[in-house]
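Below is one structure, written out as C-alpha cells, with a few remarks after it.
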Amino acid sequence: MCRSTLGLVAGVIFCLALLVGMAAMPVSGEAATLRVSPTRIHVHNGALTAALRIWNDGKDTMNAQVRVFALVQKNGKQALIPTRDVVASPPLTKLTPKTENITRLARVAKTPVAAKETYRVVVDQLPSGNPTKSGTVEVLIRQVIPLTFE
C-alpha cells in the first residue's frame, strides 16, 4: 500500500476507536424530554376548543408553561404578539416522571371567527430550580405549535 492509503486507514481506525470509546463513557444525567401532541392544531366548523397533550418522558419532575400568541404580519415579517382571544388552561403544569397532562386551548373572543385566525402555542419547559453540578448546564425545551381557527 502507498503511504496515503495507510494514512487514510489509520485515520479511519482512530476515528472508530474514538467513537467506541465515547459510546462506552458513562453518562452523568438524562436530559428532560418534553413531548407534545398534536404538532399542528386546526379548529374548524364553529368549534372553540382543542386539547394539547404534554408528556414528561424524563426521570425528573418538570414544570411547563403554555402560552398563546397571535401570529400577525408586520412590515412584511411574521411577529408573535400576546393575545387574550385564546387561552390555555392550565397555563402552568407540573409533570412527574413518565406522566402526561392535557391542556385545553379555548377561543374566548366575543366576536365569531370571520376569517382564518392564526396563532402559535408556545410550550416552555421551566427551569427546575435544582442546583446543577459543576461543569453542567440545564437545557430547556421549547415547542411551538401552529393553531388555526376557521
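Within each chain, counting starts at residue 1; across the C-alpha cells, chains are named A, B, ... in the order shown, with ligands numbered 1 upward in that order.
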
Which residues come within 8 Å of Arg53 (chain A), counting only C-alpha atoms, excluding same-chain residues fewer than 2 positions away, as a PyMOL selection string? chain A and resi 36-38+51+55+100-103

Could you take the residues named above and write them with C-alpha atoms, as a PDB file, in the first residue's frame?
ATOM      1  CA  VAL A  36     -46.376  17.405  22.832  1.00  0.00           C
ATOM      2  CA  SER A  37     -49.175  16.201  20.587  1.00  0.00           C
ATOM      3  CA  PRO A  38     -50.570  17.196  18.206  1.00  0.00           C
ATOM      4  CA  ALA A  51     -56.697  19.746  23.516  1.00  0.00           C
ATOM      5  CA  TRP A  55     -45.611  14.413  28.276  1.00  0.00           C
ATOM      6  CA  GLU A 100     -48.784  13.356  30.750  1.00  0.00           C
ATOM      7  CA  ASN A 101     -51.188  16.253  31.119  1.00  0.00           C
ATOM      8  CA  ILE A 102     -53.896  17.697  28.907  1.00  0.00           C
ATOM      9  CA  THR A 103     -54.057  21.454  28.401  1.00  0.00           C
TER      10      THR A 103
END

Spatial neighbours of region 110-124 of chain A, 6 Å, only C-alpha atoms, chain gap at least 3 places, as a list in words: Ala64, Gln65, Val66, Arg67, Val68, Phe69, Ala70, Leu71, Arg142, Gln143, Val144, Ile145, Pro146, Leu147, Thr148, Phe149 and Glu150 of chain A

Within 12 Å of Thr61 (chain A), counting only C-alpha atoms, which residues show up once you throw out same-chain ones fewer than 3 positions away? Write them as a list in words, please.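 The residues that qualify are Ala31, Ala32, Thr33, Leu34, Trp55, Asn56, Asp57, Gly58, Ala64, Thr93, Lys94, Leu95, Thr96, Pro97, Lys98, Thr99, Glu100, Gln125, Leu126, Pro127, Ser128, Gly129 and Asn130 of chain A.
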
Near-Asp85 (chain A) list (8 Å; only C-alpha atoms; drop same-chain fewer than 3 positions) as a compact mmCIF listing (two decimals) with C-alpha atoms, in the first residue's frame:
# COMPACT_ATOMS: atom_id res chain seq x y z
CA ARG A 107 -61.05 30.71 21.95
CA VAL A 108 -62.73 33.17 24.31
CA ALA A 109 -63.00 36.18 21.97
